[in-house]
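Colleague: Here you go, this is structure_11.pdb (PDB, C-alpha atoms).
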MODEL        1
ATOM      1  CA  ARG A   1       0.000   0.000   0.000
ATOM      2  CA  THR A   2       1.126   3.521  -0.612
ATOM      3  CA  ARG A   3       1.393   5.868   2.342
ATOM      4  CA  GLN A   4      -1.691   7.773   1.179
ATOM      5  CA  GLN A   5      -3.737   4.561   0.904
ATOM      6  CA  LYS A   6      -2.537   3.515   4.337
ATOM      7  CA  ARG A   7      -3.578   6.879   5.770
ATOM      8  CA  LYS A   8      -7.023   6.524   4.189
ATOM      9  CA  HIS A   9      -7.333   3.022   5.578
ATOM     10  CA  GLU A  10      -6.339   4.173   9.053
ATOM     11  CA  GLY A  11      -8.620   7.177   8.738
ATOM     12  CA  GLU A  12     -11.600   4.926   7.968
ATOM     13  CA  ALA A  13     -10.838   2.782  11.014
ATOM     14  CA  ASP A  14     -10.363   5.848  13.223
ATOM     15  CA  ASP A  15     -13.642   7.440  12.132
ATOM     16  CA  GLY A  16     -15.633   4.497  13.461
ATOM     17  CA  HIS A  17     -13.825   3.703  16.725
ATOM     18  CA  GLU A  18     -16.268   0.821  17.095
ATOM     19  CA  GLU A  19     -14.109  -0.863  19.738
ATOM     20  CA  PHE A  20     -14.097   2.196  22.053
ATOM     21  CA  ASP A  21     -16.808   3.395  24.408
ATOM     22  CA  PRO A  22     -16.840   7.218  24.823
ATOM     23  CA  GLN A  23     -14.704   7.173  27.982
ATOM     24  CA  SER A  24     -12.109   4.817  26.496
ATOM     25  CA  LEU A  25     -12.029   6.898  23.318
ATOM     26  CA  ARG A  26     -11.286  10.050  25.324
ATOM     27  CA  GLU A  27      -8.514   8.249  27.216
ATOM     28  CA  HIS A  28      -7.113   6.828  23.974
ATOM     29  CA  GLU A  29      -7.043  10.249  22.303
ATOM     30  CA  GLU A  30      -5.523  11.843  25.398
ATOM     31  CA  PHE A  31      -2.789   9.209  25.528
ATOM     32  CA  THR A  32      -1.858   9.670  21.885
ATOM     33  CA  LYS A  33      -1.380  13.405  22.475
ATOM     34  CA  VAL A  34       0.995  12.983  25.420
ATOM     35  CA  LYS A  35       4.648  12.525  24.513
ATOM     36  CA  ASN A  36       5.949   9.283  25.958
ATOM     37  CA  ILE A  37       9.714   9.769  25.580
ATOM     38  CA  GLN A  38      10.908  13.010  27.203
ATOM     39  CA  SER A  39      14.403  13.191  25.734
ATOM     40  CA  ILE A  40      16.916  11.346  23.583
ATOM     41  CA  GLU A  41      20.677  11.173  23.304
ATOM     42  CA  LEU A  42      22.115  10.911  19.796
ATOM     43  CA  GLY A  43      25.882  11.145  19.435
ATOM     44  CA  LYS A  44      27.094  14.125  21.470
ATOM     45  CA  TRP A  45      23.643  15.747  21.514
ATOM     46  CA  GLU A  46      20.833  15.512  24.043
ATOM     47  CA  MET A  47      17.464  16.671  22.715
ATOM     48  CA  GLU A  48      14.109  17.194  24.393
ATOM     49  CA  THR A  49      11.340  15.599  22.368
ATOM     50  CA  TRP A  50       8.204  17.353  21.093
ATOM     51  CA  TYR A  51       5.598  14.660  20.371
ATOM     52  CA  PHE A  52       4.416  11.117  20.994
ATOM     53  CA  SER A  53       6.056   8.305  19.015
ATOM     54  CA  PRO A  54       4.708   4.715  18.879
ATOM     55  CA  PHE A  55       7.737   2.872  20.264
ATOM     56  CA  PRO A  56       7.257  -0.847  21.080
ATOM     57  CA  PRO A  57       5.403  -1.579  24.364
ATOM     58  CA  GLU A  58       8.588  -2.587  26.206
ATOM     59  CA  TYR A  59       9.640   1.080  26.103
ATOM     60  CA  ASN A  60       6.531   2.276  27.965
ATOM     61  CA  GLY A  61       7.557   4.238  31.034
ATOM     62  CA  VAL A  62      11.046   5.019  29.690
ATOM     63  CA  SER A  63      11.625   8.776  29.783
ATOM     64  CA  LYS A  64      14.980   8.888  27.939
ATOM     65  CA  LEU A  65      16.302   6.796  25.062
ATOM     66  CA  PHE A  66      19.905   6.437  23.923
ATOM     67  CA  PHE A  67      20.403   6.108  20.152
ATOM     68  CA  CYS A  68      23.410   4.820  18.264
ATOM     69  CA  GLU A  69      23.970   7.560  15.691
ATOM     70  CA  PHE A  70      25.293   5.114  13.078
ATOM     71  CA  ASP A  71      22.676   2.329  12.983
ATOM     72  CA  LEU A  72      19.914   4.073  15.041
ATOM     73  CA  CYS A  73      19.490   1.170  17.467
ATOM     74  CA  PHE A  74      18.037   2.557  20.696
ATOM     75  CA  PHE A  75      18.457   1.599  24.342
ATOM     76  CA  LYS A  76      16.946   2.306  27.747
ATOM     77  CA  ARG A  77      20.296   2.808  29.484
ATOM     78  CA  LYS A  78      23.568   4.541  28.604
ATOM     79  CA  ASN A  79      25.685   1.487  29.500
ATOM     80  CA  GLN A  80      23.681  -0.611  26.992
ATOM     81  CA  LEU A  81      24.508   1.916  24.269
ATOM     82  CA  GLN A  82      28.182   1.962  25.287
ATOM     83  CA  ARG A  83      28.367  -1.849  25.025
ATOM     84  CA  HIS A  84      26.685  -1.659  21.617
ATOM     85  CA  MET A  85      29.070   1.061  20.384
ATOM     86  CA  ARG A  86      32.074  -1.161  21.100
ATOM     87  CA  LYS A  87      30.762  -3.590  18.462
ATOM     88  CA  VAL A  88      29.828  -1.005  15.831
ATOM     89  CA  GLU A  89      32.186  -1.056  12.829
ATOM     90  CA  ILE A  90      30.314   0.947  10.167
ATOM     91  CA  LEU A  91      30.421   4.629  11.122
ATOM     92  CA  HIS A  92      27.827   5.907   8.640
ATOM     93  CA  PRO A  93      24.214   5.165   7.591
ATOM     94  CA  PRO A  94      23.777   1.722   5.952
ATOM     95  CA  GLY A  95      23.398   2.883   2.353
ATOM     96  CA  ASP A  96      25.204   4.402  -0.616
ATOM     97  CA  GLU A  97      26.992   7.703  -0.182
ATOM     98  CA  ILE A  98      25.754   9.729  -3.156
ATOM     99  CA  TYR A  99      27.075  13.199  -2.320
ATOM    100  CA  ARG A 100      29.961  14.766  -0.393
ATOM    101  CA  CYS A 101      31.024  18.391  -0.392
ATOM    102  CA  THR A 102      33.105  20.610   1.893
ATOM    103  CA  TYR A 103      31.604  23.998   2.765
ATOM    104  CA  LYS A 104      32.356  26.806   5.218
ATOM    105  CA  ASP A 105      30.193  27.025   8.344
ATOM    106  CA  ARG A 106      29.074  30.219  10.126
ATOM    107  CA  GLN A 107      32.478  30.598  11.777
ATOM    108  CA  ASP A 108      34.193  30.134   8.400
ATOM    109  CA  ASN A 109      35.529  26.703   9.411
ATOM    110  CA  PRO A 110      35.539  23.857   6.856
ATOM    111  CA  LEU A 111      32.460  21.616   7.161
ATOM    112  CA  THR A 112      32.051  18.412   5.167
ATOM    113  CA  LEU A 113      28.477  17.271   4.489
ATOM    114  CA  SER A 114      27.348  14.081   2.822
ATOM    115  CA  PHE A 115      24.111  12.399   1.762
ATOM    116  CA  PHE A 116      23.439   8.683   2.017
ATOM    117  CA  GLU A 117      20.602   6.955   0.155
ATOM    118  CA  VAL A 118      19.051   4.139   2.194
ATOM    119  CA  ASP A 119      16.518   1.732   0.676
ATOM    120  CA  GLY A 120      13.668   0.990   3.106
ATOM    121  CA  LYS A 121      13.318  -2.539   1.726
ATOM    122  CA  LYS A 122      16.991  -3.416   2.141
ATOM    123  CA  GLU A 123      17.531  -1.680   5.497
ATOM    124  CA  LYS A 124      14.141  -2.099   7.129
ATOM    125  CA  ILE A 125      15.218  -1.924  10.780
ATOM    126  CA  TYR A 126      17.314   1.223  10.288
ATOM    127  CA  CYS A 127      14.479   2.976   8.445
ATOM    128  CA  GLN A 128      11.832   1.945  10.967
ATOM    129  CA  ASN A 129      14.065   3.228  13.778
ATOM    130  CA  LEU A 130      14.512   6.467  11.835
ATOM    131  CA  CYS A 131      10.712   6.801  11.665
ATOM    132  CA  TYR A 132      10.397   6.211  15.434
ATOM    133  CA  LEU A 133      13.043   8.885  16.009
ATOM    134  CA  ALA A 134      11.523  11.366  13.543
ATOM    135  CA  LYS A 135       8.021  11.011  14.993
ATOM    136  CA  LEU A 136       9.322  12.457  18.269
ATOM    137  CA  PHE A 137       9.738  15.761  16.407
ATOM    138  CA  LEU A 138       6.976  15.620  13.780
ATOM    139  CA  ASP A 139       3.352  16.439  14.557
ATOM    140  CA  HIS A 140       1.737  13.905  12.232
ATOM    141  CA  LYS A 141      -1.049  11.530  13.258
ATOM    142  CA  THR A 142       0.798   8.543  11.823
ATOM    143  CA  LEU A 143       4.343   8.216  10.638
ATOM    144  CA  TYR A 144       5.108   4.550  11.119
ATOM    145  CA  TYR A 145       4.395   3.127   7.683
ATOM    146  CA  ASP A 146       5.628   0.411   5.330
ATOM    147  CA  VAL A 147       9.224   1.561   4.812
ATOM    148  CA  ASP A 148       9.688  -0.859   1.874
ATOM    149  CA  LEU A 149       8.029   1.680  -0.444
ATOM    150  CA  PHE A 150      10.427   4.525   0.393
ATOM    151  CA  LEU A 151      13.964   5.743  -0.092
ATOM    152  CA  PHE A 152      15.555   7.737   2.733
ATOM    153  CA  TYR A 153      18.175  10.438   2.193
ATOM    154  CA  ILE A 154      20.260  11.019   5.326
ATOM    155  CA  LEU A 155      22.233  14.263   5.631
ATOM    156  CA  CYS A 156      25.393  13.879   7.740
ATOM    157  CA  GLU A 157      28.168  16.038   9.108
ATOM    158  CA  VAL A 158      31.442  14.245   8.440
ATOM    159  CA  ASP A 159      34.541  14.242  10.656
ATOM    160  CA  GLU A 160      37.308  11.832  11.641
ATOM    161  CA  ARG A 161      34.892   9.987  13.947
ATOM    162  CA  GLY A 162      32.388   9.171  11.196
ATOM    163  CA  CYS A 163      29.222  10.508   9.559
ATOM    164  CA  HIS A 164      26.795  12.053  12.042
ATOM    165  CA  PRO A 165      23.114  12.410  10.992
ATOM    166  CA  VAL A 166      21.632  15.920  11.230
ATOM    167  CA  GLY A 167      18.452  15.478   9.170
ATOM    168  CA  TYR A 168      16.764  13.488   6.437
ATOM    169  CA  PHE A 169      13.969  13.345   3.923
ATOM    170  CA  SER A 170      12.094  10.368   2.544
ATOM    171  CA  LYS A 171      10.692   9.849  -0.913
ATOM    172  CA  GLU A 172       8.358   7.276  -2.438
ATOM    173  CA  LYS A 173      10.084   4.980  -4.918
ATOM    174  CA  HIS A 174       7.148   5.400  -7.283
ATOM    175  CA  SER A 175       4.849   8.360  -6.671
ATOM    176  CA  GLU A 176       1.767   8.535  -8.886
ATOM    177  CA  GLU A 177       1.180  12.122  -7.685
ATOM    178  CA  GLY A 178       4.685  13.278  -8.638
ATOM    179  CA  TYR A 179       5.829  13.830  -5.041
ATOM    180  CA  ASN A 180       9.596  14.211  -4.702
ATOM    181  CA  LEU A 181       9.501  14.281  -0.891
ATOM    182  CA  ALA A 182       7.328  12.570   1.728
ATOM    183  CA  CYS A 183       8.741  13.519   5.147
ATOM    184  CA  ILE A 184      11.485  15.981   6.045
ATOM    185  CA  LEU A 185      13.188  16.662   9.356
ATOM    186  CA  THR A 186      16.187  18.578  10.616
ATOM    187  CA  LEU A 187      16.948  17.352  14.121
ATOM    188  CA  PRO A 188      16.409  20.091  16.760
ATOM    189  CA  ALA A 189      20.101  20.261  17.684
ATOM    190  CA  HIS A 190      20.874  21.181  14.066
ATOM    191  CA  GLN A 191      18.064  23.561  13.198
ATOM    192  CA  ARG A 192      18.716  27.147  12.075
ATOM    193  CA  LYS A 193      21.945  26.054  10.387
ATOM    194  CA  GLY A 194      20.653  26.051   6.800
ATOM    195  CA  TYR A 195      20.141  22.282   6.628
ATOM    196  CA  GLY A 196      16.383  22.458   5.950
ATOM    197  CA  LYS A 197      16.900  24.356   2.700
ATOM    198  CA  LEU A 198      19.742  22.010   1.745
ATOM    199  CA  LEU A 199      17.442  18.997   2.196
ATOM    200  CA  ILE A 200      14.750  20.654   0.060
ATOM    201  CA  SER A 201      17.279  21.734  -2.555
ATOM    202  CA  PHE A 202      18.675  18.195  -2.722
ATOM    203  CA  SER A 203      15.206  16.726  -3.329
ATOM    204  CA  TYR A 204      14.824  19.003  -6.366
ATOM    205  CA  GLU A 205      18.323  18.137  -7.584
ATOM    206  CA  LEU A 206      17.234  14.474  -7.634
ATOM    207  CA  SER A 207      14.098  15.477  -9.593
ATOM    208  CA  LYS A 208      16.282  17.245 -12.176
ATOM    209  CA  LYS A 209      18.405  14.098 -12.529
ATOM    210  CA  GLU A 210      15.198  12.106 -13.076
ATOM    211  CA  GLY A 211      14.005  14.619 -15.670
ATOM    212  CA  LYS A 212      10.837  15.191 -13.613
ATOM    213  CA  ILE A 213       8.965  18.055 -11.991
ATOM    214  CA  GLY A 214       8.594  17.616  -8.210
ATOM    215  CA  THR A 215       6.465  18.783  -5.319
ATOM    216  CA  PRO A 216       6.373  17.782  -1.626
ATOM    217  CA  GLU A 217       3.611  15.596  -0.256
ATOM    218  CA  ARG A 218       0.865  17.529   1.530
ATOM    219  CA  PRO A 219       0.002  18.589   4.122
ATOM    220  CA  LEU A 220       3.219  20.424   4.973
ATOM    221  CA  SER A 221       4.054  21.033   8.624
ATOM    222  CA  ASP A 222       4.245  24.678   9.735
ATOM    223  CA  LEU A 223       8.041  24.555   9.745
ATOM    224  CA  GLY A 224       8.058  22.748   6.400
ATOM    225  CA  ALA A 225       5.769  25.324   4.789
ATOM    226  CA  VAL A 226       8.049  28.204   5.879
ATOM    227  CA  SER A 227      11.150  26.449   4.534
ATOM    228  CA  TYR A 228       9.510  25.584   1.215
ATOM    229  CA  TYR A 229       8.094  29.060   0.694
ATOM    230  CA  SER A 230      11.542  30.541   1.310
ATOM    231  CA  TYR A 231      13.174  28.012  -1.045
ATOM    232  CA  TRP A 232      10.632  28.557  -3.834
ATOM    233  CA  THR A 233      10.866  32.346  -3.471
ATOM    234  CA  ARG A 234      14.640  32.511  -3.713
ATOM    235  CA  THR A 235      14.920  29.877  -6.471
ATOM    236  CA  VAL A 236      12.197  31.283  -8.741
ATOM    237  CA  LEU A 237      13.145  34.927  -8.248
ATOM    238  CA  THR A 238      16.838  34.236  -8.874
ATOM    239  CA  VAL A 239      15.890  32.797 -12.272
ATOM    240  CA  LEU A 240      13.684  35.861 -12.984
ATOM    241  CA  LYS A 241      16.486  38.194 -11.952
ATOM    242  CA  ASN A 242      19.054  36.587 -14.262
ATOM    243  CA  HIS A 243      16.756  35.891 -17.218
ATOM    244  CA  GLU A 244      16.618  38.355 -20.099
ATOM    245  CA  GLY A 245      13.256  38.911 -21.777
ATOM    246  CA  SER A 246       9.929  37.299 -20.946
ATOM    247  CA  ILE A 247       9.625  33.858 -19.393
ATOM    248  CA  SER A 248       6.609  31.584 -18.914
ATOM    249  CA  ILE A 249       5.543  29.634 -15.830
ATOM    250  CA  ARG A 250       6.241  26.417 -17.743
ATOM    251  CA  GLN A 251       9.789  27.536 -18.563
ATOM    252  CA  LEU A 252      10.369  28.427 -14.912
ATOM    253  CA  SER A 253       9.105  24.979 -13.926
ATOM    254  CA  ASP A 254      11.353  23.211 -16.448
ATOM    255  CA  MET A 255      14.398  25.166 -15.268
ATOM    256  CA  THR A 256      13.850  24.623 -11.525
ATOM    257  CA  ALA A 257      11.936  21.267 -11.411
ATOM    258  CA  ILE A 258       9.356  23.089  -9.223
ATOM    259  CA  LYS A 259       5.716  22.299 -10.016
ATOM    260  CA  GLN A 260       3.833  25.081 -11.844
ATOM    261  CA  ASP A 261       1.180  25.311  -9.078
ATOM    262  CA  ASP A 262       3.924  25.959  -6.496
ATOM    263  CA  ILE A 263       5.487  28.667  -8.678
ATOM    264  CA  ILE A 264       2.116  30.366  -9.211
ATOM    265  CA  SER A 265       1.196  30.281  -5.497
ATOM    266  CA  THR A 266       4.641  31.692  -4.583
ATOM    267  CA  LEU A 267       4.350  34.566  -7.084
ATOM    268  CA  GLN A 268       0.768  35.242  -5.943
ATOM    269  CA  ARG A 269       1.925  35.570  -2.323
ATOM    270  CA  LEU A 270       4.508  38.092  -3.495
ATOM    271  CA  ASN A 271       2.000  39.944  -5.715
ATOM    272  CA  LEU A 272       4.260  39.381  -8.716
ATOM    273  CA  ILE A 273       1.709  37.700 -10.989
ATOM    274  CA  GLN A 274      -1.583  38.681 -12.607
ATOM    275  CA  TYR A 275      -4.253  36.733 -14.426
ATOM    276  CA  GLN A 276      -4.915  38.386 -17.799
ATOM    277  CA  LYS A 277      -6.967  37.110 -20.722
ATOM    278  CA  GLY A 278      -7.068  33.540 -19.424
ATOM    279  CA  GLN A 279      -3.409  33.189 -18.541
ATOM    280  CA  HIS A 280      -0.945  34.031 -15.797
ATOM    281  CA  VAL A 281       1.381  36.940 -16.545
ATOM    282  CA  ILE A 282       4.473  37.605 -14.418
ATOM    283  CA  CYS A 283       4.776  41.284 -13.441
ATOM    284  CA  ALA A 284       8.099  41.523 -11.638
ATOM    285  CA  ALA A 285       9.918  44.854 -11.447
ATOM    286  CA  PRO A 286      13.677  44.252 -10.929
ATOM    287  CA  LYS A 287      13.826  46.274  -7.668
ATOM    288  CA  LEU A 288      10.896  44.327  -6.230
ATOM    289  CA  VAL A 289      12.480  41.003  -7.214
ATOM    290  CA  GLU A 290      15.759  42.049  -5.573
ATOM    291  CA  ARG A 291      13.971  43.044  -2.372
ATOM    292  CA  HIS A 292      12.097  39.740  -2.107
ATOM    293  CA  ILE A 293      15.304  37.756  -2.755
ATOM    294  CA  LYS A 294      17.003  39.544   0.148
ATOM    295  CA  GLU A 295      14.007  38.892   2.408
ATOM    296  CA  ALA A 296      14.013  35.186   1.495
ATOM    297  CA  GLY A 297      17.553  34.822   2.870
ATOM    298  CA  ASN A 298      20.600  33.057   1.508
ATOM    299  CA  PHE A 299      21.181  29.368   0.914
ATOM    300  CA  ARG A 300      24.108  28.712   3.208
ATOM    301  CA  TYR A 301      24.811  25.395   1.480
ATOM    302  CA  GLU A 302      24.192  25.125  -2.263
ATOM    303  CA  VAL A 303      24.064  21.679  -3.877
ATOM    304  CA  ASP A 304      27.009  21.158  -6.223
ATOM    305  CA  ALA A 305      25.346  19.010  -8.915
ATOM    306  CA  ALA A 306      28.733  17.876 -10.227
ATOM    307  CA  LYS A 307      29.348  16.054  -6.922
ATOM    308  CA  LEU A 308      26.036  14.144  -6.978
ATOM    309  CA  ILE A 309      26.810  10.529  -7.935
ATOM    310  CA  TRP A 310      23.356   9.009  -8.327
ATOM    311  CA  SER A 311      21.039   7.281 -10.745
ATOM    312  CA  PRO A 312      17.227   7.140 -10.329
ATOM    313  CA  TYR A 313      15.615   4.138  -8.670
ATOM    314  CA  SER A 314      14.434   1.491 -11.107
ATOM    315  CA  THR A 315      12.284  -1.611 -10.699
ATOM    316  CA  ALA A 316      15.417  -3.680 -11.392
ATOM    317  CA  GLN A 317      16.713  -2.562  -7.968
ATOM    318  CA  ALA A 318      13.604  -3.834  -6.171
TER
ENDMDL
END
Could you rewrite the structure in this file as structure tokens?

Modeller:
Amino acid sequence: RTRQQKRKHEGEADDGHEEFDPQSLREHEEFTKVKNIQSIELGKWEMETWYFSPFPPEYNGVSKLFFCEFDLCFFKRKNQLQRHMRKVEILHPPGDEIYRCTYKDRQDNPLTLSFFEVDGKKEKIYCQNLCYLAKLFLDHKTLYYDVDLFLFYILCEVDERGCHPVGYFSKEKHSEEGYNLACILTLPAHQRKGYGKLLISFSYELSKKEGKIGTPERPLSDLGAVSYYSYWTRTVLTVLKNHEGSISIRQLSDMTAIKQDDIISTLQRLNLIQYQKGQHVICAAPKLVERHIKEAGNFRYEVDAAKLIWSPYSTAQA
């Protein structure tokens, strides 16, 4: 089943709640709102959680979980994690490294970032653990789904101790709706560093390699919507700024891999488009475009397409 079908199926079951009397239903709904894990440790970071996540029953009553940052196995006690870490040999996510680039961070120090592609069918436990972890910070009704149908792209900071995950996005292997991203998360310890826009930018770089137009799966979270709006604004307006002569919405879409509807809604929010004689006409004065680009903020980390070593998923890989 696709994620959407699974949601519909779960939605139908939830609407009935035949097995619950009113009191039990209230208790059930109250329980699902209350976060069960209060904090996690991942690598050198300790993070307070935001939401409930459906960990297995044996973790009921555990307030803090300790994650191995390389294989995402999780433990109730620090000494269990330390024993586990002594056996860990692979110091990166269990997939193919498809991108590595060295940037400068805010302090102008060199920072190496890499992306790993992990197949949910081949690395089921890792991807399910990633979903458990992500749900602690994502306000979705259901996140634990059939990982076989998805590819996961893990963004890591790289140093001499290994590749340390800072965020990820997932993508359906075959999306009938043309989605190029299903879920996206920058871990709280790494937010406001420019990683959200890098994750979004990378998803569109994959779409360009596929020769497709992409759009994220809806609904977007509040944080996701802000990041996407900023990304679309800067990307579309940069093309407008550098393009000589007129340009159509379709041309903009082909150049950026952004869906036409997303381009139109972005330009409408900026009051840079009008509907005349049955078609959309871009009305973007250069000074206005420049102002909006500044307001949208910079991309701290641009994707260097030449360093992306990747080929699209095919049924032969299944």

Colleague: Care to translate the PyMOL selection byres ((chain A and resi 305-314) around 12) into actual residues of this file, as a ChimeraX atom specification?

Modeller: /A:96-102,113-119,149-153,171-175,180,201-212,302-304,315-318

Colleague: Residue by residue, what does the PyMOL selection byres ((chain A and resi 301) around 8) grab here? Present the result as an MDAnalysis selection string.

Modeller: chainID A and resid 103 194:195 198 299:300 302:303

Colleague: Export C-alpha atoms of the chosen residues as a tab-separated table (two decimals), in the frame of the given file?

Modeller:
chain	number	residue	atom	x	y	z
A	103	TYR	CA	31.60	24.00	2.76
A	194	GLY	CA	20.65	26.05	6.80
A	195	TYR	CA	20.14	22.28	6.63
A	198	LEU	CA	19.74	22.01	1.74
A	299	PHE	CA	21.18	29.37	0.91
A	300	ARG	CA	24.11	28.71	3.21
A	302	GLU	CA	24.19	25.12	-2.26
A	303	VAL	CA	24.06	21.68	-3.88

Colleague: Closest to A:Ile213 among A:Tyr228, A:Gly196, A:Glu244, A:Asp261, using only C-alpha atoms?

Modeller: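 Among the listed residues, A:Asp261 lies closest to A:Ile213.
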
Colleague: Ranking A:Leu91, A:Leu223, A:Leu72, A:Ala189 by minimum distance to A:Cys127 and counting only C-alpha atoms, which one comes first?

Modeller: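 Closest candidate: A:Leu72.
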
Colleague: For atom CA of A:Gly224 and atom CA of A:Asp108, determine how far apart the two atoms are, in Å to one decimal place.

Modeller: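 These two atoms are separated by 27.2 Å.
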
Colleague: Would you work out the distance separating atom CA of A:Gln82 from atom CA of A:His164, expressed in Å to one decimal?

Modeller: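 The value is 16.7 Å.
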
Colleague: Would you list the contacts of A:Met85 as a list in words, taking every protein, DNA or RNA residue within 12 Å and counting only C-alpha atoms, but skipping same-chain residues closer than 2 positions in sequence?

Modeller: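 Contacts, in chain order: Gly43, Phe66, Phe67, Cys68, Glu69, Phe70, Asp71, Leu72, Cys73, Phe74, Phe75, Lys78, Asn79, Gln80, Leu81, Gln82, Arg83, Lys87, Val88, Glu89, Ile90 and Leu91 of chain A.
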
Colleague: I'd like the contact shell of stretch 133-135 of chain A - 8 Å cut-off, only C-alpha atoms, skipping same-chain residues fewer than 3 positions apart - returned as a PyMOL selection string.

Modeller: chain A and resi 51-53+129-130+138-140+143+185

Colleague: List as a PDB file with C-alpha atoms, keeping the file's coordinate frame the protein and nucleic acid residues near A:Pro165, meaning an atom at most 8 Å away when only C-alpha atoms are counted, but skip any in the same chain fewer than 2 places from it.

Modeller:
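Final output, saved to out35.pdb:
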ATOM      1  CA  GLU A  69      23.970   7.560  15.691  1.00  0.00           C
ATOM      2  CA  PHE A  70      25.293   5.114  13.078  1.00  0.00           C
ATOM      3  CA  ILE A 154      20.260  11.019   5.326  1.00  0.00           C
ATOM      4  CA  LEU A 155      22.233  14.263   5.631  1.00  0.00           C
ATOM      5  CA  CYS A 156      25.393  13.879   7.740  1.00  0.00           C
ATOM      6  CA  GLU A 157      28.168  16.038   9.108  1.00  0.00           C
ATOM      7  CA  CYS A 163      29.222  10.508   9.559  1.00  0.00           C
ATOM      8  CA  GLY A 167      18.452  15.478   9.170  1.00  0.00           C
ATOM      9  CA  TYR A 168      16.764  13.488   6.437  1.00  0.00           C
TER      10      TYR A 168
END

Colleague: Residues at most 6 Å from stretch 253-257 of chain A, counting all atoms listed in the file, excluding those fewer than 2 positions away in the same chain, as a PyMOL selection string?

Modeller: chain A and resi 208+213-214+250-251+259-260

Colleague: Atom CA of A:Ile273 and atom CA of A:Asn298 are how many Å apart?

Modeller: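 Separation of atom CA of A:Ile273 and atom CA of A:Asn298: 23.1 Å.
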
Colleague: Looking at all atoms listed in the file, which of A:Glu160, A:Asp262, A:Glu217, A:Glu123 is the one that sits closest to A:Asp148?

Modeller: A:Glu123

Colleague: My list of candidates is A:Ser230, A:Asn242, A:Gln107, A:Asn36. Which is closest to A:Leu270 when distances are computed with all atoms listed in the file?

Modeller: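 Comparing A:Ser230, A:Asn242, A:Gln107, A:Asn36 against A:Leu270, the winner is A:Ser230.
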